[in-house]
Structure formats: structure tokens, C-alpha cells
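Text of structure_36.txt (compact mmCIF, C-alpha atoms) as supplied:
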# COMPACT_ATOMS: atom_id res chain seq x y z
CA MET H 1 50.89 118.44 79.38
CA SER H 2 49.22 121.72 78.58
CA THR H 3 50.60 124.28 76.15
CA SER H 4 51.72 126.64 78.96
CA ASP H 5 53.56 123.86 80.79
CA ALA H 6 55.33 122.79 77.60
CA ALA H 7 56.43 126.36 76.91
CA LEU H 8 57.79 126.64 80.48
CA GLU H 9 59.83 123.44 80.11
CA ILE H 10 61.26 124.58 76.76
CA ALA H 11 62.32 127.92 78.26
CA ARG H 12 63.97 126.16 81.21
CA TYR H 13 65.83 123.76 78.93
CA SER H 14 66.99 126.64 76.73
CA SER H 15 68.33 128.51 79.78
CA LEU H 16 70.27 125.46 80.92
CA CYS H 17 71.83 125.07 77.50
CA ASP H 18 72.91 128.72 77.50
CA ASP H 19 74.51 128.30 80.95
CA PHE H 20 76.32 125.18 79.80
CA ASP H 21 77.68 126.92 76.68
CA THR H 22 78.92 129.79 78.81
CA ALA H 23 80.70 127.43 81.21
CA VAL H 24 82.40 125.60 78.33
CA GLU H 25 83.62 128.88 76.86
CA ASP H 26 85.05 129.93 80.25
CA THR H 27 87.21 126.81 80.34
CA GLY H 28 88.97 127.83 77.12
CA HIS H 29 87.59 125.08 74.88
CA ASP H 30 86.00 125.57 71.50
CA PRO H 31 82.23 125.85 71.35
CA ILE H 32 80.29 122.62 71.45
CA ASP H 33 80.51 120.70 68.23
CA SER H 34 77.12 119.44 67.16
CA THR H 35 78.69 116.28 65.79
CA SER H 36 80.43 115.36 69.12
CA SER H 37 78.73 113.20 71.66
CA THR H 38 77.42 114.54 74.96
CA SER H 39 79.78 112.39 76.99
CA GLN H 40 82.86 113.74 75.16
CA THR H 41 81.70 117.31 75.72
CA LEU H 42 81.20 116.73 79.43
CA ARG H 43 84.61 115.07 79.70
CA ASN H 44 86.31 118.06 78.09
CA PHE H 45 84.43 120.40 80.40
CA TYR H 46 85.50 118.66 83.64
CA GLU H 47 89.09 118.19 82.46
CA GLY H 48 89.35 121.90 81.74
CA LYS H 49 87.83 122.75 85.14
CA LYS H 50 90.28 120.44 86.90
CA ALA H 51 93.21 122.06 85.13
CA LEU H 52 92.18 125.48 86.44
CA GLU H 53 92.01 124.34 90.09
CA PRO H 54 95.06 125.36 92.22
CA HIS H 55 97.24 122.54 93.44
CA PRO H 56 97.45 122.14 97.25
CA PRO H 57 100.83 123.02 98.74
CA GLU H 58 103.13 120.12 99.38
CA THR H 59 103.53 119.14 103.03
CA THR H 60 107.18 119.18 104.01
CA GLN H 61 108.77 117.24 106.83
CA ALA H 62 109.70 120.49 108.56
CA ALA H 63 106.02 121.50 108.67
CA LEU H 64 105.12 118.18 110.23
CA ASN H 65 107.82 118.50 112.87
CA ALA H 66 106.77 122.08 113.72
CA GLY H 67 103.36 121.01 114.96
CA SER H 68 104.48 117.74 116.49
CA ILE H 69 103.78 116.72 120.07
CA LEU H 70 106.29 113.88 119.93
CA ASP H 71 109.74 113.99 121.47
CA ASN H 72 112.99 112.81 119.91
CA GLU H 73 112.13 109.21 120.73
CA GLY H 74 108.73 109.43 119.02
CA LYS H 75 106.77 109.41 122.28
CA ALA H 76 103.98 111.83 123.20
CA SER H 77 105.28 114.61 125.46
CA VAL H 78 102.99 116.45 127.88
CA GLU H 79 105.30 119.47 127.85
CA LEU H 80 105.12 119.71 124.05
CA MET H 81 101.34 119.39 124.22
CA LEU H 82 101.16 122.37 126.57
CA ARG H 83 103.49 124.39 124.34
CA ALA H 84 101.32 123.60 121.31
CA ARG H 85 98.22 124.70 123.20
CA LEU H 86 99.80 128.00 124.23
CA LYS H 87 100.90 128.56 120.63
CA VAL H 88 97.43 128.24 119.10
CA GLN H 89 95.28 129.73 121.87
CA SER H 90 94.16 133.33 121.74
CA LYS H 91 96.47 135.90 123.31
CA ALA H 92 93.61 138.29 124.06
CA THR H 93 92.56 138.64 127.68
CA VAL H 94 88.92 139.03 128.61
CA ARG H 95 87.97 140.59 131.92
CA SER H 96 84.43 140.05 133.10
CA GLU H 97 82.50 142.89 134.66
CA ARG H 98 80.31 142.11 137.62
CA SER H 99 77.09 144.09 137.87
CA ILE H 100 75.45 144.23 141.29
CA ARG H 101 71.82 145.33 141.10
CA LEU H 102 68.33 144.19 141.92
CA ASP H 103 66.88 141.74 139.45
CA PRO H 104 64.33 143.57 137.25
CA LYS H 105 61.69 140.88 137.78
CA PHE H 106 61.68 141.56 141.53
CA ALA H 107 61.71 145.34 141.07
CA LEU H 108 58.77 145.18 138.61
CA HIS H 109 56.81 142.87 140.88
CA ARG H 110 57.30 145.21 143.84
CA THR H 111 56.17 148.22 141.78
CA ILE H 112 53.00 146.50 140.53
CA SER H 113 52.04 145.21 143.95
CA SER H 114 53.00 148.36 145.88
CA SER H 115 49.35 149.25 146.37
CA ASP H 116 48.64 145.93 148.04
CA GLN H 117 49.79 146.13 151.67
CA ASN H 118 49.29 142.39 152.28
CA THR H 119 51.78 141.26 149.62
CA LYS H 120 54.59 139.23 151.16
CA MET H 121 58.15 138.97 149.87
CA THR H 122 58.98 135.60 148.37
CA VAL H 123 61.87 133.48 149.59
CA GLN H 124 63.69 133.93 146.27
CA GLU H 125 63.46 137.72 146.44
CA ALA H 126 64.57 137.82 150.07
CA SER H 127 67.60 135.64 149.31
CA HIS H 128 68.43 137.79 146.30
CA ARG H 129 68.30 141.01 148.34
CA VAL H 130 70.54 139.51 151.03
CA ARG H 131 73.19 138.56 148.45
CA ILE H 132 73.12 142.11 147.04
CA ALA H 133 73.58 143.60 150.51
CA GLN H 134 76.52 141.28 151.19
CA ALA H 135 78.18 142.15 147.89
CA LEU H 136 77.84 145.91 148.50
CA ASP H 137 79.15 145.75 152.08
CA ILE H 138 82.88 146.54 151.85
CA THR H 139 83.37 145.79 155.57
CA LEU H 140 82.16 142.23 155.18
CA LYS H 141 85.07 139.78 155.05
CA PRO H 142 84.95 137.08 152.36
CA GLU H 143 83.95 133.65 153.52
CA ILE H 144 86.90 131.38 154.34
CA LYS H 145 86.68 127.94 152.79
CA ALA H 146 86.55 124.94 155.09
CA ARG H 147 89.69 123.64 153.38
CA GLU H 148 91.63 126.72 154.47
CA VAL H 149 90.25 126.55 158.02
CA ARG H 150 91.45 122.96 158.41
CA TRP H 151 94.87 123.86 156.98
CA LYS H 152 95.37 126.83 159.32
CA GLU H 153 94.54 124.65 162.32
CA ALA H 154 96.97 121.99 161.12
CA SER H 155 99.74 124.54 160.49
CA LYS H 156 99.42 125.86 164.04
CA ALA H 157 99.77 122.34 165.42
CA ILE H 158 102.81 121.66 163.21
CA LYS H 159 104.58 124.84 164.32
CA ILE H 160 104.54 123.53 167.88
CA ILE H 161 106.41 120.38 166.81
CA ILE H 162 109.07 121.82 164.51
CA GLN H 163 111.27 124.86 164.44
CA PRO H 164 109.75 127.89 162.62
CA LYS H 165 112.79 128.28 160.35
CA GLN H 166 112.23 124.80 158.92
CA LEU H 167 108.86 125.72 157.39
CA PRO H 168 108.41 129.50 157.13
CA ASN H 169 105.03 130.79 155.89
CA LEU H 170 103.45 127.38 156.41
CA SER H 171 99.95 128.82 156.92
CA THR H 172 99.97 130.15 153.33
CA ARG H 173 101.78 127.08 151.94
CA ASN H 174 104.67 129.46 151.17
CA ILE H 175 102.63 131.05 148.35
CA SER H 176 102.41 134.84 148.47
CA THR H 177 102.76 137.99 146.40
CA LEU H 178 106.51 138.03 147.01
CA PHE H 179 106.85 134.31 146.26
CA PRO H 180 104.10 133.43 143.72
CA LEU H 181 103.39 129.97 142.41
CA GLU H 182 104.34 129.89 138.72
CA ARG H 183 104.88 127.39 135.95
CA GLU H 184 108.10 125.36 136.39
CA SER H 185 107.88 125.83 140.18
CA TYR H 186 108.24 122.82 142.48
CA VAL H 187 105.79 121.92 145.24
CA ILE H 188 105.61 119.23 147.91
CA MET H 189 102.44 117.23 147.32
CA ARG H 190 100.74 114.39 149.11
CA THR H 191 98.07 111.81 148.47
CA THR H 192 96.51 109.15 150.65
CA GLU H 193 99.41 106.88 149.65
CA ARG H 194 102.60 108.96 149.53
CA PHE H 195 104.42 112.28 149.41
CA TYR H 196 106.06 113.46 146.19
CA ILE H 197 107.61 116.46 144.47
CA GLY H 198 105.62 118.05 141.64
CA GLN H 199 106.81 120.48 138.99
CA VAL H 200 104.01 122.80 137.90
CA LEU H 201 103.11 122.57 134.21
CA ASP H 202 99.84 124.50 134.41
CA ILE H 203 97.69 126.22 137.03
CA TYR H 204 93.89 126.15 137.03
CA LYS H 205 91.50 128.49 138.80
CA LYS H 206 87.74 128.21 139.13
CA GLY H 207 85.76 131.05 137.61
CA ALA H 208 82.10 131.89 137.21
CA ALA H 209 79.48 129.26 136.32
CA SER H 210 81.79 126.42 137.45
CA ARG H 211 84.22 127.07 134.62
CA TYR H 212 87.97 126.59 134.99
CA GLY H 213 90.69 128.65 133.37
CA SER H 214 94.46 128.47 133.11
CA ILE H 215 96.47 131.23 134.80
CA ASP H 216 100.15 132.15 134.67
CA CYS H 217 100.76 132.52 138.40
CA CYS H 218 98.99 132.45 141.74
CA THR H 219 99.58 134.47 144.91
CA ASN H 220 96.89 132.87 147.10
CA ALA H 221 96.58 129.12 147.53
CA SER H 222 92.89 129.38 148.49
CA THR H 223 91.96 130.47 144.95
CA LEU H 224 93.51 127.42 143.27
CA ALA H 225 91.50 124.52 141.89
CA PHE H 226 93.89 122.11 140.14
CA LEU H 227 97.53 121.73 139.08
CA SER H 228 99.03 119.85 136.16
CA LEU H 229 102.28 118.38 137.45
CA ARG H 230 105.36 116.51 136.40
CA VAL H 231 105.85 113.96 139.19
CA PHE H 232 109.12 113.13 140.97
CA LEU H 233 108.93 110.18 143.36
CA LEU H 234 111.32 109.36 146.16
CA VAL H 235 113.57 106.40 145.34
CA SER H 236 115.73 104.17 147.51
CA PRO H 237 119.54 104.54 147.61
CA SER H 238 119.80 101.90 144.90
CA HIS H 239 117.93 104.35 142.58
CA CYS H 240 115.67 101.62 141.29
CA VAL H 241 112.96 101.02 143.89
CA PHE H 242 110.34 103.60 144.82
CA SER H 243 109.96 104.18 148.54
CA ASP H 244 107.97 106.17 151.08
CA SER H 245 110.57 105.84 153.81
CA GLU H 246 111.35 108.76 156.08
CA SER H 247 113.83 109.79 158.73
CA ASP H 248 112.83 111.31 162.05
CA SER H 249 116.32 112.46 162.89
CA GLU H 250 116.38 116.21 163.48
CA ASP H 251 120.15 116.55 163.48
CA THR H 252 121.14 114.98 160.18
CA ILE H 253 119.32 115.10 156.85
CA VAL H 254 120.23 112.21 154.59
CA PRO H 255 120.37 113.22 150.88
CA GLN H 256 117.42 111.67 149.09
CA MET H 257 117.03 111.05 145.38
CA PHE H 258 113.94 111.58 143.24
CA SER H 259 113.05 110.16 139.85
CA GLN H 260 110.63 111.31 137.18
CA MET H 261 110.73 107.96 135.39
CA TYR H 262 108.89 104.76 136.23
CA ARG H 263 110.48 102.10 134.07
CA GLN H 264 110.35 103.77 130.63
CA HIS H 265 107.51 106.18 131.31
CA GLU H 266 107.50 109.78 132.52
CA LEU H 267 105.19 110.47 135.45
CA HIS H 268 102.53 113.19 135.31
CA THR H 269 99.34 113.90 137.21
CA HIS H 270 96.41 116.28 137.53
CA ALA H 271 96.21 117.10 141.25
CA GLN H 272 93.72 118.96 143.41
CA ALA H 273 94.82 122.13 145.15
CA LYS H 274 94.16 120.66 148.59
CA HIS H 275 97.04 118.22 147.98
CA ILE H 276 99.58 121.08 148.04
CA LEU H 277 101.71 121.15 151.18
CA TYR H 278 104.53 123.57 150.47
CA HIS H 279 105.89 125.71 147.65
CA LEU H 280 109.64 125.21 147.01
CA GLY H 281 110.30 127.60 144.12
CA LYS H 282 111.91 126.92 140.73
CA ASN H 283 115.32 125.59 141.83
CA ALA H 284 114.35 122.83 144.25
CA LEU H 285 115.82 119.86 142.34
CA VAL H 286 119.33 119.66 140.93
CA GLY H 287 121.02 117.10 138.71
CA THR H 288 121.31 116.03 135.09
CA ASP H 289 119.77 112.57 135.26
CA SER H 290 115.96 112.59 135.49
CA ARG H 291 116.18 109.24 137.30
CA ALA H 292 118.41 110.61 140.07
CA LEU H 293 117.66 114.21 141.01
CA GLN H 294 118.50 115.63 144.42
CA LEU H 295 116.86 118.33 146.52
CA THR H 296 118.82 121.44 147.38
CA PRO H 297 119.76 121.72 151.08
CA ARG H 298 117.02 124.29 151.75
CA SER H 299 114.33 122.24 149.97
CA ALA H 300 115.57 119.08 151.69
CA THR H 301 114.97 120.78 155.05
CA HIS H 302 111.35 121.50 154.11
CA TRP H 303 110.83 117.95 152.81
CA HIS H 304 112.35 116.38 155.92
CA ALA H 305 110.18 118.51 158.22
CA LEU H 306 106.90 117.68 156.47
CA THR H 307 107.52 113.93 156.11
CA ARG H 308 108.26 113.27 159.77
CA THR H 309 105.82 110.91 161.44
CA LYS H 310 104.77 113.43 164.10
CA VAL H 311 104.02 116.06 161.46
CA LYS H 312 102.12 113.67 159.19
CA LYS H 313 99.73 112.91 162.03
CA LYS H 314 98.85 116.63 162.29
CA LEU H 315 98.07 117.09 158.59
CA PRO H 316 94.39 117.33 157.57
CA THR H 317 92.80 114.06 156.52
CA LEU H 318 92.29 113.71 152.79
CA LYS H 319 88.83 112.58 151.75
CA ILE H 320 88.44 110.16 148.85
CA LEU H 321 85.48 111.11 146.67
CA ALA H 322 83.37 108.10 145.71
CA GLY H 323 79.83 107.28 144.77
CA LYS H 324 77.32 105.30 146.79
CA ILE H 325 77.89 101.58 147.06
CA VAL H 326 74.92 99.62 145.75
CA ILE H 327 74.72 95.97 146.75
CA LYS H 328 72.48 93.88 144.54
Let me see the file written as C-alpha cells.
Amino acid sequence: MSTSDAALEIARYSSLCDDFDTAVEDTGHDPIDSTSSTSQTLRNFYEGKKALEPHPPETTQAALNAGSILDNEGKASVELMLRARLKVQSKATVRSERSIRLDPKFALHRTISSSDQNTKMTVQEASHRVRIAQALDITLKPEIKAREVRWKEASKAIKIIIQPKQLPNLSTRNISTLFPLERESYVIMRTTERFYIGQVLDIYKKGAASRYGSIDCCTNASTLAFLSLRVFLLVSPSHCVFSDSESDSEDTIVPQMFSQMYRQHELHTHAQAKHILYHLGKNALVGTDSRALQLTPRSATHWHALTRTKVKKKLPTLKILAGKIVIK
């Protein structure tokens, strides 16, 4: 080691010693005793540092219960999960602004090549200009989804079979500005297997860039994407066996019971918007026992009309999404 390197190491060691002495003095201990060992000095230093650290607050049982997603029986509750999410999520609302203008890359390209008369417009630029023209045309009606076209055709066919008063506003699924779909509302749903009553827990709408967001209410069924639902299935008169039975009698409507429980489990689902048949409002089911709830007379009329065999044949066919079958 050269003389300059040795001097540099000595200066570095001296600086470290000064920093260590300062740290020991900050802890409230006496200066380092030259007769004490290094290990004892370090022990005193860390003990003094530990004593100065603040103690973490004690976690009380009330604090644990406040953020719990478990019900009184210690089971996970979907409703409590949704409440916890609403409690911690941001209350600020962000509204996106849509800017309709020509893409600068196409405008710059057209300016540079303006002197060349033989320059042709690319397919990408032509498609882009068409989309701008469509967006700026206020007389152009928005494109109707194929799902809504099929539903309007089915609703016209159903109106021929039943009386109009049994299913008013069927073409809009009874969802409108005057009667919006909100949380805690009930809807008649269907799958490829059965009909059921769903209570809305959350409403999802598709936004830009294929992103989905939760909304408080909806006034147009065509804008919906998904629903989080509490499920109520039709049960037999014995209140213990699930059934898909129906009655085609138009004169008498037999009271039917619905249950949210299957054995010891509550029923929930995440359903697509195309499974919605009819909006019933917030007071469709009555009763105190979740295993034996009954539809109100008005809601029972809607249920009876939609579950008749003749009406079910007119409903749009539900497609089951599946991948390609590969046989090896």
C-alpha cells in the first residue's frame, strides 16, 4: 500500500469513529470508555436506540371487527365485501374528455406529400377519416347492438301472446329514466338451465379500452355489461327442493316461494347483461325467512308471464361461449 492510500484509509477510519461517537452521544449514554470492549459498546448503543423507538399501537378487537368481511356466524359475506370496497375506494369522480380530431401523423404526411399528385391515401388514413366524420355527424344514429335487435324482435313476438298490462315496457326490460336499475333492485334472470330472481349488488358498465367500471344506477339496459347478484331460486311447495316448474294457467297465479339458501350456503352470481329479462324494482320479494320469500302480486304477474312455455319459446337463444374442441 502506498503512502497516499494509507493516509486515505486512516482518514476514512477516523471519520467513521467520529460518526460512531456522535451516535452514541445521541442515545444518552456516556462517551465510549476505552477500557470497555467493543461488543459491550455496541450492545449499549443498540439497546439505547431500541428504547427510543415508538411502540406500535395495540390492535383492539373493535378495530378487527370494523374491517371484517365476516358475518355473525364467522362466514365470508359478499355484501360486507362490497361495503368494505365502497368504504376504501376513492370518492372522487373522473370524467374523461373525448377529443375528435385528425391524427397528427396523417395531417403531417398529407402536408409533406401535398406536392405529389400521385400520392394515394392509405387504408388506415381512410378508415380514420371515416370514423371522424361519423363522430362529428350529429344526425347519425348510434349503432344498435345485435343483442338489442334480437331482444326487440322477441319482445314484439311476446306481446302478441300475452296481455300488454302483464309486461309493460318489455322492449326496454322495464329499465328507464323513470324506473332506473339500482343496487338492491330485483330482476328476473335466466340461464340455459333455469329462471331465477336476482337482487342487484353491483352494476358494471364497459368503458374505453375494454375497461369495466362500477356505476350506481342504469337507465338503459343496452349500456350494461355485468351484474353482481344475490340469487333467489324457485322452490317447491315443500320449501326444500329446487324446481323449474311453471304454470300456464292465465286465470290463477299460484303463490311461489323463493330461497336464497342452498343447504347452508348463500347463492350469488356474476351474470351477463343479456341474461336480464325484466326489472321488478326494490320491493319484489317479501318475507322474513330467506329460505321462503314470496313475490308481491305485481311481481308474481311478471314472473308468471315470462315463465310460460309459449313465452319461453319466443325468447332469444342464449349462446354458451366455449373454446375449440381439440381431439388428440
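When CA of Lys310 (chain H) is paired with CA of Ile162 (chain H), their separation reads 9.4 Å.
Between Glu153 (chain H) and the residues H:Ala221, H:Ile203, H:Leu315, H:Ile100, the shortest atom-to-atom distance, using only C-alpha atoms, involves H:Leu315.
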**Study point:** Surrounding residues of region 285-290 of chain H excluding itself and chain neighbours under 6 positions, 9 Å, only C-alpha atoms, as a PyMOL selection string
**Key:** chain H and resi 186+232+258-261+296+299
Revision key, fill the gap. Shortest contact to Ala76 (chain H), candidates H:Arg129, H:His265, H:Lys165, H:Arg173, atoms counted only C-alpha atoms, goes to H:His265
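The coordinates place CA of Gly207 (chain H) at 26.6 Å from CA of Phe106 (chain H).
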Review point. Could you name the residues that touch His270 (chain H) at 8 Å or less, counting only C-alpha atoms, but leaving out those on the same chain fewer than 4 positions away, as a PyMOL selection string?
Key: chain H and resi 226-229
Just to be explicit: take each residue in the selection above, keep C-alpha atoms, and write the result as a CSV table (one decimal), in the frame of the given file.
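Wrote result.csv, looks like this:
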chain,number,residue,atom,x,y,z
H,226,PHE,CA,93.9,122.1,140.1
H,227,LEU,CA,97.5,121.7,139.1
H,228,SER,CA,99.0,119.8,136.2
H,229,LEU,CA,102.3,118.4,137.4
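Nearest to His275 (chain H) of all the residues H:Glu148, H:Glu125, H:Asp202, H:Glu73 is H:Glu148, counting all atoms listed in the file.
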Check your understanding: What's the 8 Å shell around Leu295 (chain H), counting only C-alpha atoms, without same-chain residues fewer than 5 positions away, as a ChimeraX atom specification?
Key -> /H:255-257,284-286,300
How would the residues just chosen look if you wrote them out with C-alpha atoms as an mmCIF file, in the frame of the given file?
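Output below, filename again.cif:
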data_model
loop_
_atom_site.group_PDB
_atom_site.id
_atom_site.type_symbol
_atom_site.label_atom_id
_atom_site.label_comp_id
_atom_site.auth_asym_id
_atom_site.auth_seq_id
_atom_site.Cartn_x
_atom_site.Cartn_y
_atom_site.Cartn_z
ATOM 1 C CA PRO H 255 120.370 113.220 150.880
ATOM 2 C CA GLN H 256 117.420 111.670 149.090
ATOM 3 C CA MET H 257 117.030 111.050 145.380
ATOM 4 C CA ALA H 284 114.350 122.830 144.250
ATOM 5 C CA LEU H 285 115.820 119.860 142.340
ATOM 6 C CA VAL H 286 119.330 119.660 140.930
ATOM 7 C CA ALA H 300 115.570 119.080 151.690
#
Study note, to complete from the structure: Using only C-alpha atoms, the residue out of H:Ser77, H:Gln199, H:Thr139, H:Ser127 with shortest distance to Lys282 (chain H) is H:Gln199
Review point. Could you list as an MDAnalysis selection string every residue that has an atom within 9 Å of (100.4, 107.3, 155.6), using the file's coordinates and counting only C-alpha atoms?
Key: chainID H and resid 191:195 244 309 312:313
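Between CA of Leu233 (chain H) and CA of Tyr262 (chain H) the interatomic distance comes to 9.0 Å.
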**Study point:** Residue among H:His128, H:Tyr278, H:Ala135, H:Tyr13 lying closest to Ser155 (chain H), counting only C-alpha atoms
**Key:** H:Tyr278
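Closest approach to His279 (chain H) from the set H:Ile158, H:Val123, H:Leu80, H:Cys218 is made by H:Cys218, with distances taken over all atoms listed in the file.
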